[in-house]
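Enquirer: Please find model25.txt (compact mmCIF, C-alpha atoms) on the next line:
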# COMPACT_ATOMS: atom_id res chain seq x y z
CA MET A 1 -2.03 25.53 -32.52
CA ALA A 2 -1.76 26.38 -28.82
CA LEU A 3 -3.70 24.21 -26.42
CA THR A 4 -5.77 26.31 -24.05
CA LEU A 5 -7.40 25.16 -20.85
CA LYS A 6 -10.84 25.63 -22.41
CA ASN A 7 -9.86 23.64 -25.51
CA ALA A 8 -8.57 20.76 -23.40
CA PHE A 9 -11.60 20.87 -21.09
CA GLU A 10 -14.13 20.76 -23.91
CA ALA A 11 -12.24 18.01 -25.75
CA THR A 12 -12.16 15.94 -22.54
CA PHE A 13 -15.69 16.42 -21.24
CA ARG A 14 -17.59 17.38 -24.43
CA SER A 15 -21.12 18.10 -23.25
CA ASN A 16 -20.88 16.34 -19.86
CA TYR A 17 -19.57 19.43 -18.03
CA ARG A 18 -19.41 23.09 -19.00
CA PHE A 19 -16.22 25.11 -18.75
CA GLU A 20 -18.16 28.01 -17.22
CA ASP A 21 -19.40 25.74 -14.43
CA PHE A 22 -15.84 24.55 -13.82
CA LEU A 23 -14.67 28.15 -13.40
CA ALA A 24 -17.54 28.91 -11.03
CA LEU A 25 -17.06 25.80 -8.89
CA LYS A 26 -16.73 26.33 -5.14
CA LEU A 27 -14.77 23.70 -3.23
CA GLU A 28 -17.02 23.73 -0.17
CA GLN A 29 -19.98 22.69 -2.33
CA THR A 30 -18.26 19.67 -3.88
CA ALA A 31 -16.27 18.00 -1.07
CA THR A 32 -17.14 16.38 2.26
CA ARG A 33 -14.91 15.86 5.29
CA LYS A 34 -14.56 12.53 7.08
CA LYS A 35 -12.44 11.23 9.95
CA LEU A 36 -10.48 8.05 9.26
CA GLY A 37 -7.91 6.67 11.68
CA GLY A 38 -7.56 10.01 13.44
CA ARG A 39 -6.97 11.89 10.18
CA GLU A 40 -9.30 14.05 8.18
CA ILE A 41 -10.07 12.78 4.69
CA VAL A 42 -11.65 15.22 2.26
CA GLN A 43 -13.74 13.36 -0.29
CA PRO A 44 -14.50 15.15 -3.58
CA ASN A 45 -17.81 14.47 -5.29
CA ALA A 46 -17.87 12.95 -8.77
CA GLU A 47 -17.75 16.32 -10.54
CA LEU A 48 -14.78 17.67 -8.59
CA LYS A 49 -12.98 14.34 -8.87
CA ALA A 50 -13.38 14.46 -12.65
CA TYR A 51 -11.99 18.00 -12.75
CA LEU A 52 -8.98 17.13 -10.59
CA ARG A 53 -8.15 14.13 -12.76
CA PHE A 54 -8.42 16.37 -15.81
CA LEU A 55 -5.99 18.84 -14.22
CA ASN A 56 -3.62 15.98 -13.38
CA ARG A 57 -3.66 14.83 -16.98
CA PHE A 58 -2.99 18.20 -18.59
CA ILE A 59 -1.10 20.17 -15.93
CA PHE A 60 -0.02 18.58 -12.65
CA SER A 61 1.52 15.42 -14.11
CA TYR A 62 4.01 17.69 -15.91
CA ALA A 63 5.36 19.14 -12.66
CA ASP A 64 9.13 18.89 -12.17
CA VAL A 65 10.19 15.64 -10.49
CA VAL A 66 13.64 14.07 -10.03
CA ASP A 67 12.84 11.08 -12.19
CA GLU A 68 15.99 9.14 -11.32
CA ALA A 69 15.00 9.01 -7.65
CA VAL A 70 11.21 9.27 -7.50
CA PHE A 71 8.99 6.23 -8.13
CA SER A 72 5.59 7.35 -6.86
CA TYR A 73 2.54 8.72 -8.68
CA LYS A 74 4.06 8.41 -12.15
CA LYS A 75 3.23 6.18 -15.08
CA ASP A 76 4.91 2.76 -14.84
CA ALA A 77 6.39 3.62 -11.42
CA SER A 78 5.86 1.34 -8.43
CA PRO A 79 7.32 0.32 -5.06
CA LYS A 80 9.05 -2.59 -6.79
CA GLN A 81 10.70 -0.27 -9.32
CA SER A 82 11.97 1.81 -6.42
CA LEU A 83 13.45 -1.24 -4.67
CA ILE A 84 15.09 -2.70 -7.78
CA LYS A 85 17.74 0.01 -7.50
CA HIS A 86 18.59 -1.21 -4.00
CA CYS A 87 18.49 -4.97 -4.52
CA GLN A 88 22.28 -5.41 -4.74
CA SER A 89 23.01 -3.27 -1.67
CA ARG A 90 23.94 -4.69 1.71
CA CYS A 91 23.04 -1.87 4.13
CA PHE A 92 19.92 0.30 4.23
CA TYR A 93 18.46 3.35 5.93
CA LYS A 94 14.75 4.06 5.65
CA THR A 95 12.66 6.91 7.01
CA ASP A 96 9.54 8.81 6.08
CA ILE A 97 8.12 12.28 6.59
CA ALA A 98 5.68 12.61 9.45
CA ARG A 99 2.16 13.69 8.41
CA PHE A 100 3.47 14.58 4.98
CA PHE A 101 0.34 15.68 3.11
CA GLU A 102 -1.03 17.68 6.02
CA SER A 103 2.31 19.49 6.32
CA ILE A 104 2.18 20.77 2.73
CA THR A 105 1.05 24.40 2.86
CA PHE A 106 -0.31 26.99 0.47
CA ASP A 107 3.24 28.31 0.01
CA ASP A 108 4.54 24.87 -1.00
CA VAL A 109 1.79 24.48 -3.59
CA LEU A 110 2.38 28.05 -4.78
CA GLN A 111 6.03 27.15 -5.41
CA VAL A 112 4.93 24.23 -7.59
CA PHE A 113 2.50 26.40 -9.54
CA THR A 114 4.97 29.25 -9.93
CA ASN A 115 8.23 27.44 -10.65
CA LYS A 116 7.67 23.78 -11.53
CA LEU A 117 4.98 23.58 -14.21
CA SER A 118 6.82 25.01 -17.20
CA GLN A 119 6.44 21.74 -19.14
CA ALA A 120 2.63 21.66 -18.97
CA PRO A 121 1.15 21.69 -22.50
CA ILE A 122 -1.69 24.07 -21.57
CA THR A 123 -0.46 27.51 -22.63
CA ASP A 124 -2.82 29.72 -20.65
CA TRP A 125 -3.20 27.80 -17.37
CA PRO A 126 -1.46 30.62 -15.40
CA ASP A 127 -4.48 32.81 -16.25
CA TYR A 128 -6.53 30.45 -14.06
CA GLN A 129 -3.92 29.85 -11.36
CA ALA A 130 -5.89 31.30 -8.46
CA HIS A 131 -8.91 29.14 -9.28
CA LEU A 132 -6.86 26.00 -9.74
CA GLN A 133 -5.17 26.55 -6.38
CA SER A 134 -8.57 27.00 -4.75
CA LEU A 135 -9.58 23.54 -6.02
CA VAL A 136 -6.54 21.62 -4.75
CA LEU A 137 -6.18 23.13 -1.25
CA VAL A 138 -8.42 22.78 1.78
CA ASP A 139 -7.85 25.19 4.67
CA GLY A 140 -4.52 26.09 3.06
CA ARG A 141 -3.30 22.48 3.09
CA LEU A 142 -2.98 19.68 0.57
CA PRO A 143 -5.87 17.34 1.49
CA ILE A 144 -5.73 13.58 1.79
CA GLY A 145 -8.32 12.14 -0.58
CA PHE A 146 -7.95 14.41 -3.63
CA PRO A 147 -6.60 12.83 -6.85
CA SER A 148 -4.43 15.92 -7.32
CA SER A 149 -2.66 15.74 -3.95
CA PRO A 150 -0.23 12.85 -4.64
CA VAL A 151 0.95 14.30 -7.97
CA ILE A 152 1.49 17.77 -6.54
CA SER A 153 3.25 16.37 -3.47
CA ASN A 154 5.80 14.66 -5.72
CA SER A 155 6.99 18.02 -6.98
CA VAL A 156 6.93 19.72 -3.58
CA LEU A 157 9.97 17.62 -2.61
CA TYR A 158 11.90 18.45 -5.80
CA GLU A 159 14.65 20.44 -4.05
CA PHE A 160 15.05 17.80 -1.36
CA ASP A 161 15.31 15.04 -3.97
CA GLN A 162 17.96 16.98 -5.90
CA ALA A 163 20.09 17.49 -2.79
CA ALA A 164 19.66 13.91 -1.53
CA LEU A 165 20.44 12.35 -4.92
CA ALA A 166 23.50 14.55 -5.54
CA TRP A 167 24.92 13.74 -2.10
CA ALA A 168 24.16 10.05 -2.49
CA GLN A 169 25.88 9.85 -5.86
CA ARG A 170 29.01 11.51 -4.47
CA HIS A 171 29.21 8.86 -1.75
CA ASP A 172 28.29 5.72 -3.75
CA ILE A 173 24.89 5.59 -2.08
CA ILE A 174 21.60 4.76 -3.78
CA TYR A 175 18.64 7.02 -3.00
CA THR A 176 15.00 6.54 -4.00
CA ARG A 177 11.71 7.95 -2.79
CA TYR A 178 8.22 6.50 -2.95
CA SER A 179 5.73 9.15 -1.78
CA ASP A 180 7.06 10.14 1.64
CA ASP A 181 9.19 6.99 2.11
CA LEU A 182 12.90 7.76 1.76
CA ILE A 183 15.31 4.87 1.16
CA PHE A 184 19.12 5.00 1.07
CA SER A 185 21.40 1.99 0.61
CA ALA A 186 25.08 1.18 0.21
CA GLN A 187 27.56 -1.65 0.44
CA HIS A 188 28.63 -0.75 3.99
CA ASP A 189 26.84 1.03 6.81
CA GLU A 190 29.48 3.61 7.74
CA VAL A 191 28.50 5.95 4.87
CA LEU A 192 24.86 5.86 5.97
CA LYS A 193 25.36 6.85 9.60
CA SER A 194 25.10 10.61 9.05
CA LEU A 195 21.81 10.36 7.18
CA PRO A 196 19.36 11.09 10.04
CA GLN A 197 21.03 14.46 10.67
CA ARG A 198 21.50 15.24 6.98
CA ILE A 199 17.86 14.51 6.12
CA GLU A 200 16.64 16.72 8.93
CA LYS A 201 18.96 19.52 7.78
CA TRP A 202 17.81 19.28 4.15
CA LEU A 203 14.18 19.40 5.22
CA ASN A 204 14.85 22.40 7.47
CA ASP A 205 16.86 24.23 4.80
CA PHE A 206 14.31 23.79 2.02
CA TYR A 207 11.03 23.81 3.94
CA ASP A 208 11.66 25.90 7.07
CA GLY A 209 11.05 22.95 9.37
CA ARG A 210 7.54 22.19 8.10
CA PHE A 211 8.57 18.63 7.28
CA LYS A 212 10.03 16.33 9.93
CA PRO A 213 11.39 12.77 9.68
CA ASN A 214 9.23 10.26 11.48
CA PRO A 215 11.37 8.72 14.26
CA TYR A 216 8.94 5.81 14.67
CA LYS A 217 9.43 4.73 11.05
CA SER A 218 13.17 5.31 10.77
CA PHE A 219 15.65 2.44 10.94
CA PHE A 220 18.92 0.97 9.73
CA THR A 221 19.01 -2.62 8.49
CA HIS A 222 21.25 -4.88 6.44
CA THR A 223 21.27 -8.14 4.56
CA GLY A 224 21.22 -11.06 6.95
CA GLU A 225 18.18 -9.49 8.58
CA LYS A 226 14.75 -9.33 6.96
CA VAL A 227 14.95 -6.28 4.71
CA LYS A 228 11.32 -5.20 4.48
CA LEU A 229 10.71 -1.92 2.67
CA LEU A 230 7.55 -0.44 1.12
CA GLY A 231 5.63 -3.55 2.11
CA LEU A 232 7.99 -5.78 0.10
CA VAL A 233 11.01 -7.89 1.01
CA ILE A 234 14.50 -7.80 -0.48
CA GLN A 235 15.82 -11.32 -0.03
CA PRO A 236 19.55 -12.03 0.61
CA ASN A 237 20.09 -12.91 -3.07
CA GLY A 238 18.60 -9.56 -4.14
CA HIS A 239 15.28 -11.02 -5.24
CA ILE A 240 12.23 -8.88 -4.42
CA SER A 241 9.17 -10.63 -3.09
CA VAL A 242 6.24 -10.25 -0.71
CA SER A 243 6.28 -11.01 3.00
CA ARG A 244 6.27 -14.53 4.42
CA SER A 245 3.05 -13.77 6.30
CA LEU A 246 1.28 -12.91 3.04
CA LYS A 247 2.62 -16.06 1.40
CA ASN A 248 1.33 -18.11 4.33
CA LYS A 249 -2.12 -16.58 3.89
CA ILE A 250 -2.15 -17.35 0.17
CA GLU A 251 -0.93 -20.90 0.61
CA SER A 252 -3.41 -21.63 3.37
CA LEU A 253 -6.30 -20.45 1.19
CA LEU A 254 -5.17 -22.47 -1.82
CA HIS A 255 -4.62 -25.59 0.32
CA TYR A 256 -8.09 -25.50 1.84
CA PHE A 257 -9.70 -24.65 -1.49
CA ILE A 258 -8.49 -28.08 -2.61
CA GLU A 259 -8.85 -30.00 0.66
CA ASP A 260 -11.72 -28.52 2.67
CA GLN A 261 -14.23 -26.13 1.13
CA ALA A 262 -15.81 -25.23 4.49
CA VAL A 263 -12.48 -24.09 5.97
CA PHE A 264 -11.71 -22.24 2.73
CA ASP A 265 -15.01 -20.38 2.98
CA ARG A 266 -14.24 -19.37 6.58
CA LEU A 267 -10.78 -18.10 5.64
CA LEU A 268 -12.20 -16.24 2.65
CA ALA A 269 -14.74 -14.57 4.93
CA GLN A 270 -12.01 -13.70 7.42
CA HIS A 271 -9.57 -12.19 4.94
CA PHE A 272 -11.74 -10.97 2.05
CA SER A 273 -15.28 -10.67 3.43
CA GLY A 274 -16.17 -13.85 1.56
CA ASN A 275 -15.39 -12.31 -1.83
CA ALA A 276 -13.13 -14.45 -4.04
CA VAL A 277 -12.39 -11.40 -6.20
CA GLY A 278 -10.32 -10.08 -3.29
CA LEU A 279 -8.11 -13.14 -3.45
CA MET A 280 -7.84 -12.76 -7.20
CA SER A 281 -6.74 -9.13 -6.83
CA MET A 282 -4.14 -10.04 -4.22
CA LEU A 283 -2.70 -12.84 -6.37
CA SER A 284 -2.56 -10.53 -9.39
CA TRP A 285 -0.62 -8.00 -7.32
CA VAL A 286 1.76 -10.71 -6.06
CA GLN A 287 2.28 -11.85 -9.65
CA SER A 288 3.35 -8.32 -10.60
CA ILE A 289 5.97 -8.46 -7.81
CA ASP A 290 7.22 -12.05 -7.91
CA GLN A 291 6.36 -14.20 -10.92
CA PRO A 292 8.70 -17.04 -9.81
CA TYR A 293 6.66 -17.40 -6.61
CA ILE A 294 3.48 -17.77 -8.69
CA GLU A 295 5.20 -20.57 -10.62
CA LYS A 296 6.02 -22.30 -7.31
CA LEU A 297 2.35 -22.09 -6.37
CA ARG A 298 1.40 -23.66 -9.70
CA LYS A 299 3.77 -26.58 -9.06
CA LYS A 300 2.42 -27.09 -5.52
CA TYR A 301 -1.30 -26.53 -6.03
CA GLY A 302 -1.74 -27.05 -9.78
CA ASN A 303 -2.15 -24.72 -12.72
CA TYR A 304 -5.93 -24.97 -12.60
CA THR A 305 -6.24 -23.80 -8.98
CA VAL A 306 -3.79 -20.90 -9.27
CA ASP A 307 -5.07 -19.71 -12.65
CA LEU A 308 -8.65 -19.93 -11.42
CA PHE A 309 -7.89 -17.28 -8.79
CA LEU A 310 -5.64 -15.26 -11.07
CA HIS A 311 -8.12 -15.09 -13.93
CA GLY A 312 -11.44 -16.64 -13.04
CA ALA A 313 -12.30 -15.92 -9.40
CA ALA A 314 -15.01 -13.47 -10.43
CA ARG A 315 -16.96 -16.45 -11.74
CA LEU A 316 -16.80 -18.42 -8.49
Rewrite the coordinates I just gave you, this time as structure tokens.
Expert:
Amino acid sequence: MALTLKNAFEATFRSNYRFEDFLALKLEQTATRKKLGGREIVQPNAELKAYLRFLNRFIFSYADVVDEAVFSYKKDASPKQSLIKHCQSRCFYKTDIARFFESITFDDVLQVFTNKLSQAPITDWPDYQAHLQSLVLVDGRLPIGFPSSPVISNSVLYEFDQAALAWAQRHDIIYTRYSDDLIFSAQHDEVLKSLPQRIEKWLNDFYDGRFKPNPYKSFFTHTGEKVKLLGLVIQPNGHISVSRSLKNKIESLLHYFIEDQAVFDRLLAQHFSGNAVGLMSMLSWVQSIDQPYIEKLRKKYGNYTVDLFLHGAARL
């Protein structure tokens, strides 16, 4: 039996929302604009957010993506998974795309809808294409703040990812992308030197110059220096961990938790607004990146202290 958009909608929302209301929804009535750090964030209300997540689940998450290279906005994908491919390399080039989401236009999204959603299980979604596009675009752009924007953006760069990966494989280079962060690595730096010009050419060829590399976030580096990428660190032995500054913060908090409760409380207020759950969340994230470091903390500060903040900080 074919799965229609109405079938999927009613099975998902039951009586909470009506399909007719979904089809009649106007974006301007369900989203508010805010300024944050000089950028406009468009915040959907609860109803629109639920609809966009529904569309992600049944349509947008099936958009074409170069799975071998892309590690963002997919199930079981993460910055660490992206970096694992690079951990045995010696030389690196990293850049990102300036103002990526805001640079994605109606035409880019139309290309995704028209050519890159053939795997979606909903059989009749093209009948609603105009309405779906009206829900994911604001002023003809992909807005920051919508649940649908990251997933759609992954597929917008499909042609770029194909070209970059094919070229990298021909030259014994590793290429991965996490959102708009582009990482290339190799055993020697000579093969990486042409990348700034090549990346700019690929972006111009595929997107008519709408996307530009960010010169302020572009750099070459190599082992022997601190290789910090995607907020993580590739150590000289290839091990992936978190930054030394974050480790210092963690270790200071754990030390004073044991030795001086008043200082601990001040640090907790400084870093986590006094909420121990924030420390618990950070430690849980660090554990997902670097379990051996968590074991070092246990040896230094004791199993009870570390496990308290990994599993029991909400009760503090």
Enquirer: Between A:Phe220, A:Met280, A:Asp108, A:Val242, which is the closest to Pro196 of chain A once you count all atoms listed in the file?
Expert: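 Comparing A:Phe220, A:Met280, A:Asp108, A:Val242 against Pro196 of chain A, the winner is A:Phe220.
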Enquirer: Taking 4 positions as the minimum chain separation for residues in the same chain, which residues sit within 9 Å of segment 281-298 of chain A when counting all atoms listed in the file? Answer as a list in words.
Expert: Lys80, Leu232, His239, Ile240, Ser241, Val242, Ile250, Glu251, Leu254, Ala276, Val277, Gly302, Asn303, Tyr304, Thr305, Val306, Asp307, Phe309, Leu310 and His311 of chain A
Enquirer: Enter the distance from atom CA of Tyr73 of chain A to atom CA of His271 of chain A, in Å, rounded to one decimal.
Expert: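 We find that atom CA of Tyr73 of chain A and atom CA of His271 of chain A lie 27.7 Å from each other.
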Enquirer: Using atom CA of Ile122 of chain A and atom CA of Tyr62 of chain A as the two end points, give the distance in Å to one decimal.
Expert: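 Calculated distance between atom CA of Ile122 of chain A and atom CA of Tyr62 of chain A is 10.3 Å.
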Enquirer: One decimal, in Å: what's the spacing between atom CA of Phe257 of chain A and atom CA of Gln270 of chain A?
Expert: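 About the pair atom CA of Phe257 of chain A and atom CA of Gln270 of chain A: they are 14.3 Å apart.
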Enquirer: Would you mind telling me which residue in A:Arg244, A:Lys299, A:Arg170, A:His222 lies nearest to Tyr93 of chain A when using all atoms listed in the file?
Expert: A:His222
Enquirer: Nearest to Asp139 of chain A among A:Gln261, A:Ser185, A:Asn275, A:Ser103, with distances taken over all atoms listed in the file: which residue is it?
Expert: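 Result for the nearest residue to Asp139 of chain A: A:Ser103.
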Enquirer: Dig up all the protein and nucleic acid residues within 12 Å of (-9.7, 18.8, -8.4) in the file frame, using only C-alpha atoms, and format them as a ChimeraX atom specification.
Expert: /A:22-23,25-27,30-31,42-57,59-60,131-138,142-143,145-152
Enquirer: Measuring between only C-alpha atoms, which one of A:Val156, A:Val191, A:Leu279, A:Leu268 shows the shortest distance to Thr105 of chain A?
Expert: A:Val156
